[in-house]
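final_14.cif follows (mmCIF, C-alpha atoms):
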data_upload
#
loop_
_atom_site.label_atom_id
_atom_site.label_comp_id
_atom_site.auth_asym_id
_atom_site.auth_seq_id
_atom_site.Cartn_x
_atom_site.Cartn_y
_atom_site.Cartn_z
CA MET A 1 -14.23 31.87 10.77
CA LYS A 2 -13.40 28.65 8.92
CA THR A 3 -9.73 28.29 7.92
CA PRO A 4 -9.37 28.12 4.13
CA LEU A 5 -8.51 24.70 2.73
CA ARG A 6 -5.19 25.01 0.92
CA ALA A 7 -3.81 21.49 0.55
CA LEU A 8 -4.72 17.83 0.27
CA ILE A 9 -2.62 14.85 1.33
CA PHE A 10 -3.20 11.51 -0.39
CA ASP A 11 -2.20 7.98 0.51
CA LEU A 12 -1.03 5.80 -2.41
CA ASP A 13 -1.87 2.09 -2.05
CA ASP A 14 -5.58 1.32 -2.30
CA THR A 15 -6.28 5.04 -2.43
CA LEU A 16 -4.88 5.98 -5.84
CA LEU A 17 -3.37 2.65 -6.92
CA VAL A 18 -5.21 -0.67 -6.72
CA ASP A 19 -3.27 -2.90 -4.31
CA GLU A 20 -5.19 -5.66 -2.54
CA GLU A 21 -7.28 -6.58 -5.58
CA VAL A 22 -4.18 -6.75 -7.77
CA SER A 23 -2.42 -8.97 -5.24
CA GLN A 24 -5.42 -11.29 -5.19
CA GLU A 25 -5.50 -11.47 -8.99
CA THR A 26 -1.79 -12.29 -8.97
CA LEU A 27 -2.18 -15.07 -6.42
CA LYS A 28 -4.97 -16.61 -8.48
CA ALA A 29 -2.76 -16.49 -11.57
CA VAL A 30 -0.05 -18.35 -9.65
CA ALA A 31 -2.65 -20.84 -8.45
CA ALA A 32 -3.72 -21.49 -12.04
CA HIS A 33 -0.08 -22.09 -12.97
CA VAL A 34 0.18 -24.91 -10.43
CA GLY A 35 -3.05 -26.52 -11.58
CA ALA A 36 -5.85 -24.90 -9.57
CA SER A 37 -8.40 -24.80 -12.38
CA SER A 38 -11.54 -23.72 -10.53
CA GLN A 39 -12.27 -20.33 -8.99
CA LEU A 40 -12.83 -22.00 -5.63
CA LYS A 41 -9.44 -23.71 -5.67
CA GLN A 42 -7.71 -20.50 -6.74
CA GLU A 43 -9.36 -18.58 -3.89
CA ALA A 44 -8.29 -21.27 -1.42
CA PHE A 45 -4.71 -21.17 -2.71
CA ALA A 46 -4.64 -17.36 -2.41
CA THR A 47 -5.97 -17.50 1.15
CA THR A 48 -3.35 -20.06 2.15
CA VAL A 49 -0.53 -17.99 0.65
CA ARG A 50 -1.69 -14.91 2.57
CA VAL A 51 -1.84 -16.79 5.87
CA VAL A 52 1.56 -18.43 5.40
CA ALA A 53 3.17 -15.22 4.13
CA LYS A 54 1.88 -13.18 7.05
CA ARG A 55 3.13 -15.74 9.57
CA HIS A 56 6.63 -15.89 8.06
CA TRP A 57 6.66 -12.08 7.79
CA GLN A 58 5.66 -11.61 11.43
CA GLU A 59 8.19 -14.18 12.63
CA GLY A 60 11.01 -12.96 10.38
CA PRO A 61 14.00 -10.87 11.50
CA CYS A 62 12.96 -7.90 9.35
CA HIS A 63 9.47 -7.56 10.80
CA PRO A 64 10.22 -4.64 13.17
CA PHE A 65 11.63 -2.59 10.27
CA CYS A 66 8.79 -3.58 7.92
CA HIS A 67 6.15 -2.75 10.51
CA ALA A 68 7.72 0.61 11.34
CA ILE A 69 7.71 1.92 7.78
CA GLY A 70 4.75 -0.05 6.45
CA ILE A 71 6.15 -2.78 4.20
CA SER A 72 3.53 -5.52 4.04
CA ALA A 73 3.89 -9.29 3.85
CA MET A 74 2.58 -9.20 0.29
CA GLU A 75 5.08 -6.52 -0.75
CA CYS A 76 7.88 -8.74 0.54
CA LEU A 77 6.81 -11.24 -2.12
CA TRP A 78 7.75 -8.90 -4.97
CA GLY A 79 9.76 -5.83 -3.89
CA ASN A 80 13.41 -5.34 -4.85
CA PHE A 81 14.18 -3.27 -1.72
CA LEU A 82 17.05 -1.39 -3.30
CA GLY A 83 19.01 1.08 -1.19
CA GLU A 84 22.20 1.50 0.76
CA SER A 85 20.89 1.21 4.31
CA GLU A 86 21.78 -1.87 6.33
CA LYS A 87 18.11 -2.57 6.99
CA LEU A 88 17.26 -2.58 3.29
CA HIS A 89 20.26 -4.80 2.57
CA ALA A 90 19.04 -7.25 5.21
CA LEU A 91 15.46 -7.12 3.93
CA ARG A 92 16.56 -7.69 0.33
CA ALA A 93 18.51 -10.83 1.28
CA TRP A 94 15.78 -12.17 3.55
CA ALA A 95 12.95 -11.55 1.07
CA LEU A 96 14.49 -13.86 -1.53
CA GLN A 97 14.44 -16.75 0.93
CA TYR A 98 11.04 -15.76 2.32
CA ARG A 99 9.33 -15.99 -1.08
CA GLU A 100 10.48 -19.51 -1.76
CA GLN A 101 9.73 -20.60 1.81
CA VAL A 102 6.17 -19.28 1.56
CA PHE A 103 5.39 -21.03 -1.70
CA GLN A 104 7.18 -24.21 -0.64
CA GLU A 105 4.99 -24.47 2.46
CA VAL A 106 1.85 -23.78 0.44
CA LEU A 107 2.77 -26.32 -2.24
CA GLU A 108 3.52 -28.94 0.41
CA ASP A 109 -0.01 -28.36 1.66
CA GLN A 110 -1.19 -28.85 -1.94
CA LYS A 111 0.54 -32.26 -1.97
CA VAL A 112 3.14 -31.36 -4.60
CA SER A 113 5.69 -34.16 -4.80
CA SER A 114 9.01 -33.74 -3.01
CA GLN A 115 10.82 -34.15 -6.33
CA GLU A 116 8.98 -31.16 -7.80
CA LEU A 117 8.73 -29.03 -4.67
CA GLU A 118 11.89 -26.90 -4.97
CA LYS A 119 11.42 -26.29 -8.70
CA LYS A 120 7.74 -25.37 -8.33
CA SER A 121 8.45 -23.10 -5.36
CA LYS A 122 11.00 -21.12 -7.36
CA GLU A 123 8.61 -20.93 -10.32
CA CYS A 124 5.78 -19.62 -8.15
CA ALA A 125 7.99 -17.04 -6.45
CA ALA A 126 9.26 -15.75 -9.81
CA LEU A 127 5.80 -15.78 -11.38
CA PHE A 128 4.32 -13.78 -8.52
CA VAL A 129 6.95 -11.05 -8.99
CA GLN A 130 6.35 -10.95 -12.75
CA GLU A 131 2.55 -10.97 -12.60
CA ARG A 132 2.31 -8.48 -9.72
CA ARG A 133 4.35 -5.91 -11.62
CA ALA A 134 2.42 -6.44 -14.84
CA ARG A 135 -0.98 -5.95 -13.20
CA GLN A 136 -0.33 -2.63 -11.40
CA ARG A 137 -3.06 -0.08 -12.20
CA LEU A 138 -4.82 3.05 -10.99
CA PHE A 139 -8.35 3.29 -9.74
CA PRO A 140 -10.68 4.71 -12.43
CA ASP A 141 -10.53 8.47 -13.07
CA VAL A 142 -7.67 9.09 -10.61
CA ALA A 143 -5.54 11.07 -13.07
CA PRO A 144 -8.34 13.45 -14.18
CA LEU A 145 -9.33 14.00 -10.55
CA LEU A 146 -5.79 14.87 -9.48
CA GLN A 147 -5.41 17.10 -12.53
CA GLU A 148 -8.48 19.06 -11.45
CA LEU A 149 -7.51 19.21 -7.78
CA SER A 150 -3.94 20.30 -8.54
CA GLN A 151 -5.36 23.47 -10.08
CA GLN A 152 -7.00 24.39 -6.77
CA TYR A 153 -4.83 22.92 -4.00
CA HIS A 154 -1.28 22.00 -3.14
CA LEU A 155 -1.19 18.21 -3.29
CA GLY A 156 1.01 15.97 -1.17
CA LEU A 157 1.55 12.22 -1.42
CA LEU A 158 2.28 10.49 1.89
CA THR A 159 2.89 6.77 1.54
CA ASN A 160 4.32 4.05 3.72
CA GLY A 161 6.74 1.55 2.24
CA ALA A 162 10.17 0.91 0.76
CA PRO A 163 11.45 3.90 -1.26
CA ASP A 164 12.26 2.02 -4.46
CA LEU A 165 9.05 -0.01 -4.45
CA GLN A 166 6.76 2.97 -3.90
CA ARG A 167 8.55 4.97 -6.60
CA GLU A 168 8.36 1.96 -8.91
CA LYS A 169 4.60 1.92 -8.40
CA LEU A 170 4.37 5.67 -8.91
CA ALA A 171 6.60 6.14 -11.98
CA PRO A 172 4.49 4.46 -14.70
CA SER A 173 1.28 5.93 -13.30
CA GLY A 174 2.22 9.46 -14.34
CA LEU A 175 0.81 10.82 -11.09
CA GLU A 176 3.95 12.31 -9.58
CA LYS A 177 3.63 15.51 -11.63
CA PHE A 178 0.47 16.41 -9.73
CA PHE A 179 2.18 16.46 -6.32
CA SER A 180 4.14 19.34 -4.84
CA VAL A 181 5.57 17.01 -2.20
CA VAL A 182 6.10 13.23 -2.11
CA ILE A 183 7.09 11.63 1.20
CA ILE A 184 7.84 7.90 1.45
CA SER A 185 8.20 6.53 4.96
CA GLY A 186 11.22 4.40 4.08
CA GLU A 187 13.19 7.53 3.20
CA HIS A 188 12.66 8.86 6.72
CA GLY A 189 12.76 5.69 8.82
CA ILE A 190 9.31 6.35 10.25
CA GLY A 191 5.83 5.90 8.86
CA LYS A 192 2.15 6.57 9.36
CA PRO A 193 0.47 6.75 11.85
CA LYS A 194 3.31 8.57 13.65
CA PRO A 195 2.37 12.28 13.77
CA VAL A 196 5.92 13.36 12.93
CA ILE A 197 5.63 12.09 9.35
CA PHE A 198 2.45 14.15 8.89
CA GLU A 199 4.20 17.16 10.40
CA LYS A 200 7.02 16.77 7.87
CA MET A 201 4.42 16.88 5.11
CA LEU A 202 2.79 20.02 6.54
CA GLU A 203 6.17 21.71 6.76
CA GLN A 204 7.10 20.87 3.18
CA LEU A 205 3.69 21.91 1.85
CA GLY A 206 3.93 25.17 3.79
CA VAL A 207 0.53 24.80 5.45
CA THR A 208 -0.89 24.32 8.93
CA ALA A 209 -2.88 21.31 10.08
CA SER A 210 -6.14 23.24 9.86
CA GLU A 211 -5.52 24.05 6.19
CA VAL A 212 -5.29 20.48 4.95
CA ILE A 213 -7.27 17.24 4.61
CA MET A 214 -5.82 13.72 4.54
CA ILE A 215 -7.39 11.16 2.19
CA GLY A 216 -6.65 7.46 2.67
CA ASN A 217 -8.05 3.95 3.00
CA SER A 218 -6.43 2.84 6.28
CA LEU A 219 -8.16 3.80 9.51
CA GLU A 220 -5.17 2.76 11.60
CA ARG A 221 -2.46 4.48 9.59
CA ASP A 222 -4.00 7.27 7.49
CA ILE A 223 -6.94 8.38 9.59
CA ALA A 224 -5.53 7.78 13.09
CA GLY A 225 -2.26 9.44 12.09
CA ALA A 226 -4.03 12.45 10.65
CA ARG A 227 -6.15 12.87 13.78
CA ALA A 228 -3.05 12.66 15.98
CA ALA A 229 -1.51 15.47 13.93
CA GLY A 230 -4.68 17.60 14.13
CA ILE A 231 -5.56 17.08 10.47
CA ARG A 232 -9.07 16.48 9.13
CA SER A 233 -9.52 13.21 7.28
CA VAL A 234 -11.51 11.48 4.56
CA TRP A 235 -11.63 7.71 4.85
CA ILE A 236 -12.06 5.70 1.66
CA ASP A 237 -14.06 2.70 2.85
CA LEU A 238 -13.30 -0.15 0.46
CA GLY A 239 -15.45 -2.55 2.45
CA ASP A 240 -12.44 -4.28 3.98
CA ALA A 241 -13.91 -6.14 6.92
CA LYS A 242 -10.42 -7.10 8.13
CA GLU A 243 -9.77 -3.64 9.52
CA LYS A 244 -11.71 -3.09 12.73
CA SER A 245 -11.11 0.22 14.44
CA ASP A 246 -12.64 2.76 16.77
CA VAL A 247 -10.94 5.56 14.83
CA GLN A 248 -13.48 8.02 13.47
CA PRO A 249 -12.79 9.94 10.25
CA ASP A 250 -14.30 13.35 9.60
CA PHE A 251 -15.78 12.06 6.35
CA ARG A 252 -16.38 8.64 4.79
CA ILE A 253 -16.53 7.85 1.08
CA THR A 254 -16.49 4.62 -0.93
CA GLU A 255 -14.73 5.95 -4.04
CA LEU A 256 -12.65 9.00 -4.91
CA SER A 257 -15.35 10.61 -7.06
CA GLU A 258 -17.26 11.30 -3.83
CA LEU A 259 -14.44 13.55 -2.62
CA LEU A 260 -15.36 16.59 -4.74
CA PRO A 261 -18.67 17.44 -2.99
CA ILE A 262 -16.91 17.26 0.39
CA LEU A 263 -14.19 19.64 -0.78
CA ARG A 264 -16.74 22.07 -2.19
CA GLU A 265 -18.56 22.09 1.15
CA GLU A 266 -15.33 22.58 3.08
CA ARG A 267 -14.34 25.52 0.88
CA ASN A 268 -17.63 27.35 1.46
#

Please express what this file holds, its structure, as structure tokens.
Amino acid sequence: MKTPLRALIFDLDDTLLVDEEVSQETLKAVAAHVGASSQLKQEAFATTVRVVAKRHWQEGPCHPFCHAIGISAMECLWGNFLGESEKLHALRAWALQYREQVFQEVLEDQKVSSQELEKKSKECAALFVQERRARQRLFPDVAPLLQELSQQYHLGLLTNGAPDLQREKLAPSGLEKFFSVVIISGEHGIGKPKPVIFEKMLEQLGVTASEVIMIGNSLERDIAGARAAGIRSVWIDLGDAKEKSDVQPDFRITELSELLPILREERN
């Protein structure tokens, strides 16, 4: 006999909230600010920033902590990283330098004069923070979908990242009211795909692994982690060719509206 489906666990970034696309829009806005007038030049600027940012992030002293709880190179360009832990204190101090270093290296590549370099780097770093916050948005129809699902299932939100940044993303969205449980990796010092963080969610939801489905966009973190914890999974395939993986989800969709038929089938 099939175990009844009682709960759903959702990822946040690029599952409910638009993340990568918003970051790209923000980078192009910064590019326009420094004189990249064409779409092609803006795309090239954005690509360069991503490459430089990832390299500095990977080589930086806070990388082990960021990797463990899922703080990305792009998030380090705009997060406040508030909190009392020593690791957050260190990240907060480092991130301020990191932002200016990233844009300074990119602007040097763009042949900005040495006289203007420091000023322009600071401007770009500040503009990225401002624009990234202003552009945050949900995927279409997320709120109505969660409203409907919350009438039928216990909903949990399981997201990697810094506690203050993830809650900052969540607060204006109005989504938190739909979730019985919200777990942010940075509040526990461990993130997806570690099975223990999924097990914490199961415990707080009061369900077993067979009674829940995980929905997320990352094969390596959401889907692999769910499988390791014995949880069925729905992968939201956003067409991101960067993520190559042998991890196999139980179901694949390309947008959240496709979730409902799967849930109806699983309930029958």

For the structure shown, which residues end up in the PyMOL selection byres ((chain A and resi 228-240) around 10)? Put them as a ChimeraX atom specification, please?
/A:8-10,14-15,20,193-199,202,208-219,222-227,241-244,248-256,258-259,262

Expand the PyMOL selection byres ((chain A and resi 79) around 12) into the individual residues it matches in the shown file, reporting them as a VMD selection string.
chain A and resid 71 to 78 80 to 83 88 91 to 96 98 to 99 125 to 126 128 to 130 132 to 133 161 to 169

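Among A:Ala53, A:His67, A:Val102, A:Lys200, the residue with the shortest atom-to-atom distance to His188 (chain A), counting all atoms listed in the file, is A:Lys200.
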
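Residue nearest Val106 (chain A), chosen from A:Ala46, A:Ala171, A:Ala7, A:Ile69 and counting only C-alpha atoms: A:Ala46.
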
The PyMOL selection byres ((chain A and resi 104) around 9) on the file shown: which residues, as a PyMOL selection string?
chain A and resi 99-103+105-109+117-118+120-122+124

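From CA of Leu155 (chain A) back to CA of Leu205 (chain A), the distance works out to 8.0 Å.
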
Polymer residues at most 8 Å from Phe45 (chain A), all atoms listed in the file, same-chain spacing of 4 or more positions, as number ranges by chain:
A: 27-28, 31, 36, 41, 49, 106

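CA of Leu263 (chain A) to CA of Leu5 (chain A) spans 8.4 Å [interatomic distance, one decimal].
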
Emit as lines of an AutoDock Vina configuration file the padded axis-aligned box for all listed atoms of region 251-262 of chain A, 3 Å per side, with centre and edge lengths in Å to one decimal.
center_x = -15.7
center_y = 11.0
center_z = -0.4
size_x = 12.0
size_y = 18.8
size_z = 19.4

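Atom pair CA of Ser257 (chain A) / CA of Leu170 (chain A) has a distance of 20.4 Å (rounded to one decimal).
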
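Restricting the calculation to all atoms listed in the file, the smallest distance between Val22 (chain A) and any of A:Ala68, A:Ala44, A:Leu138, A:Val181 is found for A:Leu138.
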
Distance criterion (all atoms listed in the file): nearest to Glu203 (chain A) out of A:Ile183, A:Glu176, A:Tyr153, A:Pro261:
A:Ile183

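Closest to Ala32 (chain A) among A:Leu16, A:Leu127, A:Leu158, A:Ile190 is A:Leu127, based on only C-alpha atoms.
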
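Shortest atom-to-atom contact with Gly186 (chain A) among A:Lys87, A:Lys54, A:Arg267, A:Arg221: A:Lys87, counting only C-alpha atoms.
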
What's around Ser150 (chain A) at 10 Å? Count only C-alpha atoms, leave out sequence neighbours fewer than 3 positions away in its own chain, and write the answer as a ChimeraX atom specification.
/A:7-8,144-147,153-156,177-180
